[in-house]
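work.tsv (TSV, N, CA and C atoms)
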chain	number	residue	atom	x	y	z
A	390	MET	N	-11.38	40.89	-41.39
A	390	MET	CA	-12.68	40.57	-40.83
A	390	MET	C	-13.18	39.23	-41.37
A	391	ARG	N	-12.94	38.96	-42.60
A	391	ARG	CA	-13.40	37.71	-43.20
A	391	ARG	C	-12.79	36.50	-42.48
A	392	GLU	N	-11.52	36.62	-42.07
A	392	GLU	CA	-10.85	35.54	-41.37
A	392	GLU	C	-11.55	35.22	-40.05
A	393	SER	N	-11.96	36.26	-39.33
A	393	SER	CA	-12.61	36.04	-38.03
A	393	SER	C	-13.95	35.32	-38.20
A	394	VAL	N	-14.66	35.60	-39.28
A	394	VAL	CA	-15.93	34.92	-39.54
A	394	VAL	C	-15.67	33.45	-39.80
A	395	GLN	N	-14.64	33.15	-40.58
A	395	GLN	CA	-14.31	31.75	-40.87
A	395	GLN	C	-13.89	31.02	-39.61
A	396	ILE	N	-13.12	31.65	-38.77
A	396	ILE	CA	-12.69	31.03	-37.52
A	396	ILE	C	-13.89	30.76	-36.63
A	397	ARG	N	-14.79	31.72	-36.54
A	397	ARG	CA	-15.98	31.56	-35.71
A	397	ARG	C	-16.82	30.38	-36.20
A	398	LYS	N	-16.96	30.24	-37.52
A	398	LYS	CA	-17.72	29.13	-38.06
A	398	LYS	C	-17.07	27.81	-37.70
A	399	LEU	N	-15.76	27.73	-37.80
A	399	LEU	CA	-15.07	26.50	-37.45
A	399	LEU	C	-15.27	26.16	-35.99
A	400	MET	N	-15.18	27.13	-35.13
A	400	MET	CA	-15.34	26.89	-33.70
A	400	MET	C	-16.78	26.48	-33.38
A	401	ARG	N	-17.74	27.11	-34.03
A	401	ARG	CA	-19.13	26.83	-33.75
A	401	ARG	C	-19.50	25.41	-34.14
A	402	ASN	N	-18.90	24.89	-35.21
A	402	ASN	CA	-19.26	23.57	-35.72
A	402	ASN	C	-18.34	22.47	-35.22
A	403	LYS	N	-17.48	22.78	-34.28
A	403	LYS	CA	-16.49	21.81	-33.82
A	403	LYS	C	-17.12	20.52	-33.29
A	404	LEU	N	-18.26	20.61	-32.64
A	404	LEU	CA	-18.87	19.44	-32.03
A	404	LEU	C	-19.99	18.84	-32.86
A	405	ALA	N	-20.20	19.32	-34.05
A	405	ALA	CA	-21.28	18.82	-34.89
A	405	ALA	C	-21.10	17.33	-35.15
A	406	GLY	N	-22.17	16.56	-34.91
A	406	GLY	CA	-22.12	15.12	-35.15
A	406	GLY	C	-21.51	14.32	-34.02
A	407	ASN	N	-21.20	14.97	-32.91
A	407	ASN	CA	-20.60	14.28	-31.78
A	407	ASN	C	-21.51	14.37	-30.56
A	408	HIS	N	-22.74	13.99	-30.74
A	408	HIS	CA	-23.71	14.06	-29.66
A	408	HIS	C	-23.30	13.10	-28.54
A	409	PRO	N	-23.37	13.52	-27.27
A	409	PRO	CA	-22.94	12.66	-26.17
A	409	PRO	C	-23.69	11.32	-26.11
A	410	SER	N	-24.93	11.30	-26.56
A	410	SER	CA	-25.70	10.05	-26.48
A	410	SER	C	-25.14	8.99	-27.43
A	411	TYR	N	-24.40	9.40	-28.45
A	411	TYR	CA	-23.82	8.42	-29.36
A	411	TYR	C	-22.88	7.49	-28.58
A	412	ASP	N	-22.05	8.06	-27.72
A	412	ASP	CA	-21.14	7.24	-26.92
A	412	ASP	C	-21.91	6.47	-25.86
A	413	LYS	N	-22.89	7.12	-25.26
A	413	LYS	CA	-23.69	6.48	-24.23
A	413	LYS	C	-24.41	5.24	-24.78
A	414	LEU	N	-24.87	5.33	-26.03
A	414	LEU	CA	-25.55	4.22	-26.66
A	414	LEU	C	-24.59	3.20	-27.27
A	415	GLY	N	-23.30	3.49	-27.22
A	415	GLY	CA	-22.31	2.56	-27.76
A	415	GLY	C	-22.38	2.45	-29.27
A	416	MET	N	-22.64	3.57	-29.94
A	416	MET	CA	-22.77	3.55	-31.40
A	416	MET	C	-21.40	3.40	-32.06
A	417	SER	N	-21.34	2.52	-33.05
A	417	SER	CA	-20.11	2.37	-33.82
A	417	SER	C	-20.01	3.53	-34.80
A	418	GLU	N	-18.85	3.68	-35.39
A	418	GLU	CA	-18.63	4.75	-36.36
A	418	GLU	C	-19.57	4.59	-37.55
A	419	GLU	N	-19.78	3.36	-37.98
A	419	GLU	CA	-20.68	3.10	-39.12
A	419	GLU	C	-22.11	3.51	-38.77
A	420	ARG	N	-22.54	3.16	-37.57
A	420	ARG	CA	-23.90	3.50	-37.14
A	420	ARG	C	-24.07	5.02	-37.00
A	421	LYS	N	-23.03	5.69	-36.50
A	421	LYS	CA	-23.07	7.15	-36.39
A	421	LYS	C	-23.25	7.79	-37.77
A	422	LYS	N	-22.51	7.26	-38.75
A	422	LYS	CA	-22.61	7.80	-40.11
A	422	LYS	C	-24.03	7.63	-40.66
A	423	LYS	N	-24.62	6.43	-40.42
A	423	LYS	CA	-25.99	6.18	-40.88
A	423	LYS	C	-26.96	7.13	-40.21
A	424	LYS	N	-26.79	7.33	-38.91
A	424	LYS	CA	-27.67	8.22	-38.14
A	424	LYS	C	-27.57	9.65	-38.65
A	425	LEU	N	-26.36	10.13	-38.87
A	425	LEU	CA	-26.17	11.49	-39.37
A	425	LEU	C	-26.76	11.66	-40.76
A	426	ALA	N	-26.62	10.63	-41.60
A	426	ALA	CA	-27.20	10.68	-42.95
A	426	ALA	C	-28.72	10.73	-42.86
A	427	TYR	N	-29.31	9.93	-41.97
A	427	TYR	CA	-30.76	9.93	-41.78
A	427	TYR	C	-31.23	11.29	-41.28
A	428	ASP	N	-30.54	11.83	-40.26
A	428	ASP	CA	-30.92	13.12	-39.70
A	428	ASP	C	-30.87	14.23	-40.74
A	429	LYS	N	-29.82	14.20	-41.57
A	429	LYS	CA	-29.68	15.21	-42.61
A	429	LYS	C	-30.84	15.13	-43.60
A	430	LYS	N	-31.17	13.92	-44.01
A	430	LYS	CA	-32.28	13.74	-44.96
A	430	LYS	C	-33.60	14.17	-44.32
A	431	TYR	N	-33.80	13.81	-43.06
A	431	TYR	CA	-35.04	14.17	-42.34
A	431	TYR	C	-35.19	15.68	-42.22
A	432	GLN	N	-34.11	16.37	-41.87
A	432	GLN	CA	-34.18	17.81	-41.68
A	432	GLN	C	-34.28	18.57	-43.00
A	433	ASP	N	-33.92	17.92	-44.12
A	433	ASP	CA	-34.07	18.54	-45.44
A	433	ASP	C	-35.49	18.46	-45.97
A	434	ASN	N	-36.34	17.68	-45.31
A	434	ASN	CA	-37.72	17.53	-45.72
A	434	ASN	C	-38.42	18.90	-45.70
A	435	PRO	N	-39.13	19.28	-46.76
A	435	PRO	CA	-39.77	20.60	-46.80
A	435	PRO	C	-40.70	20.88	-45.61
A	436	LYS	N	-41.35	19.85	-45.09
A	436	LYS	CA	-42.21	20.06	-43.92
A	436	LYS	C	-41.39	20.46	-42.70
A	437	ARG	N	-40.22	19.83	-42.51
A	437	ARG	CA	-39.37	20.16	-41.37
A	437	ARG	C	-38.78	21.56	-41.52
A	438	VAL	N	-38.42	21.91	-42.75
A	438	VAL	CA	-37.86	23.25	-43.01
A	438	VAL	C	-38.92	24.30	-42.66
A	439	LYS	N	-40.14	24.07	-43.13
A	439	LYS	CA	-41.23	25.01	-42.86
A	439	LYS	C	-41.49	25.11	-41.35
A	440	TYR	N	-41.47	23.98	-40.67
A	440	TYR	CA	-41.69	23.93	-39.21
A	440	TYR	C	-40.64	24.77	-38.48
A	441	ARG	N	-39.36	24.59	-38.87
A	441	ARG	CA	-38.28	25.36	-38.23
A	441	ARG	C	-38.41	26.85	-38.54
A	442	GLN	N	-38.78	27.17	-39.79
A	442	GLN	CA	-38.96	28.58	-40.16
A	442	GLN	C	-40.06	29.22	-39.33
A	443	GLU	N	-41.14	28.49	-39.13
A	443	GLU	CA	-42.27	28.99	-38.34
A	443	GLU	C	-41.84	29.28	-36.90
A	444	LEU	N	-41.11	28.34	-36.31
A	444	LEU	CA	-40.64	28.53	-34.93
A	444	LEU	C	-39.63	29.66	-34.82
A	445	ASN	N	-38.71	29.75	-35.77
A	445	ASN	CA	-37.72	30.82	-35.73
A	445	ASN	C	-38.38	32.18	-35.88
A	446	LYS	N	-39.38	32.28	-36.76
A	446	LYS	CA	-40.09	33.55	-36.94
A	446	LYS	C	-40.83	33.94	-35.66
A	447	ALA	N	-41.48	32.95	-35.03
A	447	ALA	CA	-42.19	33.22	-33.78
A	447	ALA	C	-41.21	33.65	-32.70
A	448	ASN	N	-40.04	33.02	-32.65
A	448	ASN	CA	-39.02	33.40	-31.67
A	448	ASN	C	-38.54	34.83	-31.91
A	449	ARG	N	-38.32	35.18	-33.17
A	449	ARG	CA	-37.89	36.55	-33.49
A	449	ARG	C	-38.95	37.56	-33.10
A	450	ASP	N	-40.20	37.25	-33.45
A	450	ASP	CA	-41.31	38.16	-33.14
A	450	ASP	C	-41.48	38.33	-31.63
A	451	ALA	N	-41.20	37.27	-30.87
A	451	ALA	CA	-41.35	37.32	-29.42
A	451	ALA	C	-40.13	37.95	-28.74
A	452	GLY	N	-39.07	38.17	-29.52
A	452	GLY	CA	-37.86	38.79	-28.96
A	452	GLY	C	-36.98	37.82	-28.20
A	453	THR	N	-37.13	36.53	-28.43
A	453	THR	CA	-36.33	35.55	-27.70
A	453	THR	C	-35.32	34.83	-28.58
A	454	TYR	N	-35.22	35.21	-29.83
A	454	TYR	CA	-34.34	34.49	-30.76
A	454	TYR	C	-32.89	34.93	-30.57
A	455	GLY	N	-32.03	33.99	-30.19
A	455	GLY	CA	-30.60	34.25	-30.14
A	455	GLY	C	-30.11	35.11	-29.00
A	456	ASN	N	-30.93	35.33	-27.98
A	456	ASN	CA	-30.47	36.19	-26.90
A	456	ASN	C	-30.04	35.41	-25.66
A	457	GLY	N	-30.08	34.09	-25.71
A	457	GLY	CA	-29.59	33.27	-24.62
A	457	GLY	C	-30.48	33.23	-23.40
A	458	ASP	N	-31.78	33.53	-23.55
A	458	ASP	CA	-32.68	33.55	-22.40
A	458	ASP	C	-33.29	32.19	-22.08
A	459	ASN	N	-32.92	31.15	-22.85
A	459	ASN	CA	-33.40	29.78	-22.65
A	459	ASN	C	-34.91	29.65	-22.81
A	460	ILE	N	-35.51	30.49	-23.62
A	460	ILE	CA	-36.94	30.43	-23.90
A	460	ILE	C	-37.15	30.02	-25.36
A	461	ASP	N	-38.04	29.05	-25.56
A	461	ASP	CA	-38.44	28.60	-26.89
A	461	ASP	C	-39.91	28.93	-27.10
A	462	MET	N	-40.33	28.86	-28.35
A	462	MET	CA	-41.76	28.92	-28.64
A	462	MET	C	-42.23	27.47	-28.75
A	463	SER	N	-43.29	27.15	-28.04
A	463	SER	CA	-43.79	25.79	-27.98
A	463	SER	C	-45.17	25.71	-28.62
A	464	HIS	N	-45.39	24.70	-29.46
A	464	HIS	CA	-46.71	24.48	-30.03
A	464	HIS	C	-47.64	23.92	-28.96
A	465	THR	N	-48.86	24.39	-28.94
A	465	THR	CA	-49.86	23.85	-28.01
A	465	THR	C	-50.80	22.92	-28.77
A	466	LYS	N	-51.61	22.17	-28.04
A	466	LYS	CA	-52.57	21.27	-28.68
A	466	LYS	C	-53.60	22.05	-29.47
A	467	ALA	N	-53.88	23.29	-29.04
A	467	ALA	CA	-54.86	24.13	-29.73
A	467	ALA	C	-54.30	24.72	-31.02
A	468	GLY	N	-52.99	24.58	-31.23
A	468	GLY	CA	-52.39	25.08	-32.47
A	468	GLY	C	-51.70	26.41	-32.34
A	469	SER	N	-51.79	27.06	-31.20
A	469	SER	CA	-51.09	28.33	-31.01
A	469	SER	C	-49.68	28.06	-30.49
A	470	MET	N	-48.92	29.13	-30.31
A	470	MET	CA	-47.58	29.01	-29.77
A	470	MET	C	-47.45	29.85	-28.52
A	471	VAL	N	-46.74	29.32	-27.54
A	471	VAL	CA	-46.51	30.03	-26.29
A	471	VAL	C	-45.03	29.96	-25.94
A	472	LYS	N	-44.58	30.91	-25.13
A	472	LYS	CA	-43.20	30.88	-24.65
A	472	LYS	C	-43.08	29.80	-23.59
A	473	GLU	N	-41.97	29.06	-23.65
A	473	GLU	CA	-41.74	28.01	-22.68
A	473	GLU	C	-40.25	27.78	-22.53
A	474	ASN	N	-39.84	27.40	-21.34
A	474	ASN	CA	-38.44	27.07	-21.08
A	474	ASN	C	-38.01	25.99	-22.07
A	475	LYS	N	-36.84	26.17	-22.69
A	475	LYS	CA	-36.43	25.24	-23.74
A	475	LYS	C	-36.22	23.83	-23.22
A	476	MET	N	-35.78	23.68	-21.97
A	476	MET	CA	-35.57	22.34	-21.42
A	476	MET	C	-36.90	21.61	-21.27
A	477	SER	N	-37.92	22.28	-20.80
A	477	SER	CA	-39.23	21.66	-20.65
A	477	SER	C	-39.83	21.31	-22.01
A	478	ASN	N	-39.68	22.23	-22.96
A	478	ASN	CA	-40.24	22.03	-24.29
A	478	ASN	C	-39.58	20.85	-24.99
A	479	ARG	N	-38.28	20.78	-24.94
A	479	ARG	CA	-37.56	19.74	-25.68
A	479	ARG	C	-37.58	18.39	-24.97
A	480	ALA	N	-37.88	18.39	-23.67
A	480	ALA	CA	-37.93	17.13	-22.93
A	480	ALA	C	-39.24	16.38	-23.20
A	481	ARG	N	-40.26	17.09	-23.64
A	481	ARG	CA	-41.56	16.48	-23.91
A	481	ARG	C	-41.51	15.82	-25.28
A	482	ASN	N	-41.22	14.54	-25.31
A	482	ASN	CA	-40.98	13.88	-26.59
A	482	ASN	C	-41.98	12.78	-26.91
A	483	GLY	N	-43.14	12.79	-26.29
A	483	GLY	CA	-44.21	11.89	-26.70
A	483	GLY	C	-44.10	10.45	-26.27
A	484	GLN	N	-43.42	10.18	-25.19
A	484	GLN	CA	-43.31	8.79	-24.74
A	484	GLN	C	-44.59	8.36	-24.04
A	485	ASN	N	-44.82	7.07	-24.04
A	485	ASN	CA	-45.99	6.46	-23.38
A	485	ASN	C	-47.32	6.98	-23.91
A	486	GLY	N	-47.38	7.28	-25.18
A	486	GLY	CA	-48.63	7.69	-25.81
A	486	GLY	C	-49.06	9.10	-25.47
A	487	LYS	N	-48.21	9.87	-24.80
A	487	LYS	CA	-48.56	11.25	-24.45
A	487	LYS	C	-48.30	12.17	-25.63
A	488	SER	N	-49.02	13.26	-25.66
A	488	SER	CA	-48.84	14.23	-26.73
A	488	SER	C	-47.49	14.91	-26.61
A	489	THR	N	-46.94	15.31	-27.74
A	489	THR	CA	-45.68	16.03	-27.73
A	489	THR	C	-45.94	17.53	-27.61
A	490	LYS	N	-47.19	17.93	-27.53
A	490	LYS	CA	-47.51	19.35	-27.47
A	490	LYS	C	-48.03	19.70	-26.08
A	491	LYS	N	-47.79	20.93	-25.70
A	491	LYS	CA	-48.18	21.42	-24.38
A	491	LYS	C	-49.68	21.52	-24.26

Once you've parsed the file, please lay out its structure as structure tokens.
Amino acid sequence: MRESVQIRKLMRNKLAGNHPSYDKLGMSEERKKKKLAYDKKYQDNPKRVKYRQELNKANRDAGTYGNGDNIDMSHTKAGSMVKENKMSNRARNGQNGKSTKK
């Protein structure tokens, strides 16, 4: 059983660090390494960890965590969280001075 867990982990992480936009943006190997190092440092920030924990807990409580239903919990401007399609939620990235919250 232990072997199958290790194999699953290897398969799950096979594409880690190979985001399609890296090629689209023409990133060199050196630039990719810098980007991955920055992302790792950013995600290790205690505020980001707390933010992810909050969203994961809300997803679990809502029954949408890990079931493949394509639903995320989205922060609203009022500070509450609502269920929202993950594509809509993640596409809202604050361009043109717009809020990143629903």

(request) Using atom N of His408 of chain A and atom N of Gln432 of chain A as the two end points, give the distance in Å to one decimal. (result)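 Separation between atom N of His408 of chain A and atom N of Gln432 of chain A: 16.1 Å.
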
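Straight-line separation from atom C of Asn474 of chain A to atom N of Met462 of chain A: 7.3 Å.
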
If we count only C-alpha atoms and set the cut-off at 10 Å, which residues sit around segment 436-449 of chain A, ignoring sequence neighbours fewer than 2 positions away in its own chain? Please answer as a PDB file with N, CA and C atoms, in the frame of the given file.
ATOM      1  N   TYR A 431     -33.800  13.810 -43.060  1.00  0.00           N
ATOM      2  CA  TYR A 431     -35.040  14.170 -42.340  1.00  0.00           C
ATOM      3  C   TYR A 431     -35.190  15.680 -42.220  1.00  0.00           C
ATOM      4  N   GLN A 432     -34.110  16.370 -41.870  1.00  0.00           N
ATOM      5  CA  GLN A 432     -34.180  17.810 -41.680  1.00  0.00           C
ATOM      6  C   GLN A 432     -34.280  18.570 -43.000  1.00  0.00           C
ATOM      7  N   ASP A 433     -33.920  17.920 -44.120  1.00  0.00           N
ATOM      8  CA  ASP A 433     -34.070  18.540 -45.440  1.00  0.00           C
ATOM      9  C   ASP A 433     -35.490  18.460 -45.970  1.00  0.00           C
ATOM     10  N   ASN A 434     -36.340  17.680 -45.310  1.00  0.00           N
ATOM     11  CA  ASN A 434     -37.720  17.530 -45.720  1.00  0.00           C
ATOM     12  C   ASN A 434     -38.420  18.900 -45.700  1.00  0.00           C
ATOM     13  N   ALA A 451     -41.200  37.270 -30.870  1.00  0.00           N
ATOM     14  CA  ALA A 451     -41.350  37.320 -29.420  1.00  0.00           C
ATOM     15  C   ALA A 451     -40.130  37.950 -28.740  1.00  0.00           C
ATOM     16  N   GLY A 452     -39.070  38.170 -29.520  1.00  0.00           N
ATOM     17  CA  GLY A 452     -37.860  38.790 -28.960  1.00  0.00           C
ATOM     18  C   GLY A 452     -36.980  37.820 -28.200  1.00  0.00           C
ATOM     19  N   THR A 453     -37.130  36.530 -28.430  1.00  0.00           N
ATOM     20  CA  THR A 453     -36.330  35.550 -27.700  1.00  0.00           C
ATOM     21  C   THR A 453     -35.320  34.830 -28.580  1.00  0.00           C
ATOM     22  N   TYR A 454     -35.220  35.210 -29.830  1.00  0.00           N
ATOM     23  CA  TYR A 454     -34.340  34.490 -30.760  1.00  0.00           C
ATOM     24  C   TYR A 454     -32.890  34.930 -30.570  1.00  0.00           C
ATOM     25  N   GLY A 455     -32.030  33.990 -30.190  1.00  0.00           N
ATOM     26  CA  GLY A 455     -30.600  34.250 -30.140  1.00  0.00           C
ATOM     27  C   GLY A 455     -30.110  35.110 -29.000  1.00  0.00           C
ATOM     28  N   ASN A 456     -30.930  35.330 -27.980  1.00  0.00           N
ATOM     29  CA  ASN A 456     -30.470  36.190 -26.900  1.00  0.00           C
ATOM     30  C   ASN A 456     -30.040  35.410 -25.660  1.00  0.00           C
ATOM     31  N   ILE A 460     -35.510  30.490 -23.620  1.00  0.00           N
ATOM     32  CA  ILE A 460     -36.940  30.430 -23.900  1.00  0.00           C
ATOM     33  C   ILE A 460     -37.150  30.020 -25.360  1.00  0.00           C
ATOM     34  N   ASP A 461     -38.040  29.050 -25.560  1.00  0.00           N
ATOM     35  CA  ASP A 461     -38.440  28.600 -26.890  1.00  0.00           C
ATOM     36  C   ASP A 461     -39.910  28.930 -27.100  1.00  0.00           C
ATOM     37  N   MET A 462     -40.330  28.860 -28.350  1.00  0.00           N
ATOM     38  CA  MET A 462     -41.760  28.920 -28.640  1.00  0.00           C
ATOM     39  C   MET A 462     -42.230  27.470 -28.750  1.00  0.00           C
ATOM     40  N   SER A 463     -43.290  27.150 -28.040  1.00  0.00           N
ATOM     41  CA  SER A 463     -43.790  25.790 -27.980  1.00  0.00           C
ATOM     42  C   SER A 463     -45.170  25.710 -28.620  1.00  0.00           C
ATOM     43  N   HIS A 464     -45.390  24.700 -29.460  1.00  0.00           N
ATOM     44  CA  HIS A 464     -46.710  24.480 -30.030  1.00  0.00           C
ATOM     45  C   HIS A 464     -47.640  23.920 -28.960  1.00  0.00           C
ATOM     46  N   MET A 470     -48.920  29.130 -30.310  1.00  0.00           N
ATOM     47  CA  MET A 470     -47.580  29.010 -29.770  1.00  0.00           C
ATOM     48  C   MET A 470     -47.450  29.850 -28.520  1.00  0.00           C
ATOM     49  N   VAL A 471     -46.740  29.320 -27.540  1.00  0.00           N
ATOM     50  CA  VAL A 471     -46.510  30.030 -26.290  1.00  0.00           C
ATOM     51  C   VAL A 471     -45.030  29.960 -25.940  1.00  0.00           C
ATOM     52  N   LYS A 472     -44.580  30.910 -25.130  1.00  0.00           N
ATOM     53  CA  LYS A 472     -43.200  30.880 -24.650  1.00  0.00           C
ATOM     54  C   LYS A 472     -43.080  29.800 -23.590  1.00  0.00           C
TER      55      LYS A 472
END

(message) Between atom CA of Asp458 of chain A and atom CA of Lys475 of chain A, what is the distance in Å, rounded to a tenth?
(response) 9.2 Å

To test your reading of the structure, identify every residue in segment 401-488 of chain A that backbone DSSP assigns to strand (DSSP E), and report it as a CSV table (one decimal) with N, CA and C atoms, in the frame of the given file.
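Output contents, as saved in states-v3.csv:
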chain,number,residue,atom,x,y,z
A,460,ILE,N,-35.5,30.5,-23.6
A,460,ILE,CA,-36.9,30.4,-23.9
A,460,ILE,C,-37.2,30.0,-25.4
A,461,ASP,N,-38.0,29.0,-25.6
A,461,ASP,CA,-38.4,28.6,-26.9
A,461,ASP,C,-39.9,28.9,-27.1
A,462,MET,N,-40.3,28.9,-28.4
A,462,MET,CA,-41.8,28.9,-28.6
A,462,MET,C,-42.2,27.5,-28.8
A,463,SER,N,-43.3,27.2,-28.0
A,463,SER,CA,-43.8,25.8,-28.0
A,463,SER,C,-45.2,25.7,-28.6
A,464,HIS,N,-45.4,24.7,-29.5
A,464,HIS,CA,-46.7,24.5,-30.0
A,464,HIS,C,-47.6,23.9,-29.0
A,470,MET,N,-48.9,29.1,-30.3
A,470,MET,CA,-47.6,29.0,-29.8
A,470,MET,C,-47.4,29.8,-28.5
A,471,VAL,N,-46.7,29.3,-27.5
A,471,VAL,CA,-46.5,30.0,-26.3
A,471,VAL,C,-45.0,30.0,-25.9
A,472,LYS,N,-44.6,30.9,-25.1
A,472,LYS,CA,-43.2,30.9,-24.6
A,472,LYS,C,-43.1,29.8,-23.6
A,473,GLU,N,-42.0,29.1,-23.6
A,473,GLU,CA,-41.7,28.0,-22.7
A,473,GLU,C,-40.2,27.8,-22.5
A,474,ASN,N,-39.8,27.4,-21.3
A,474,ASN,CA,-38.4,27.1,-21.1
A,474,ASN,C,-38.0,26.0,-22.1
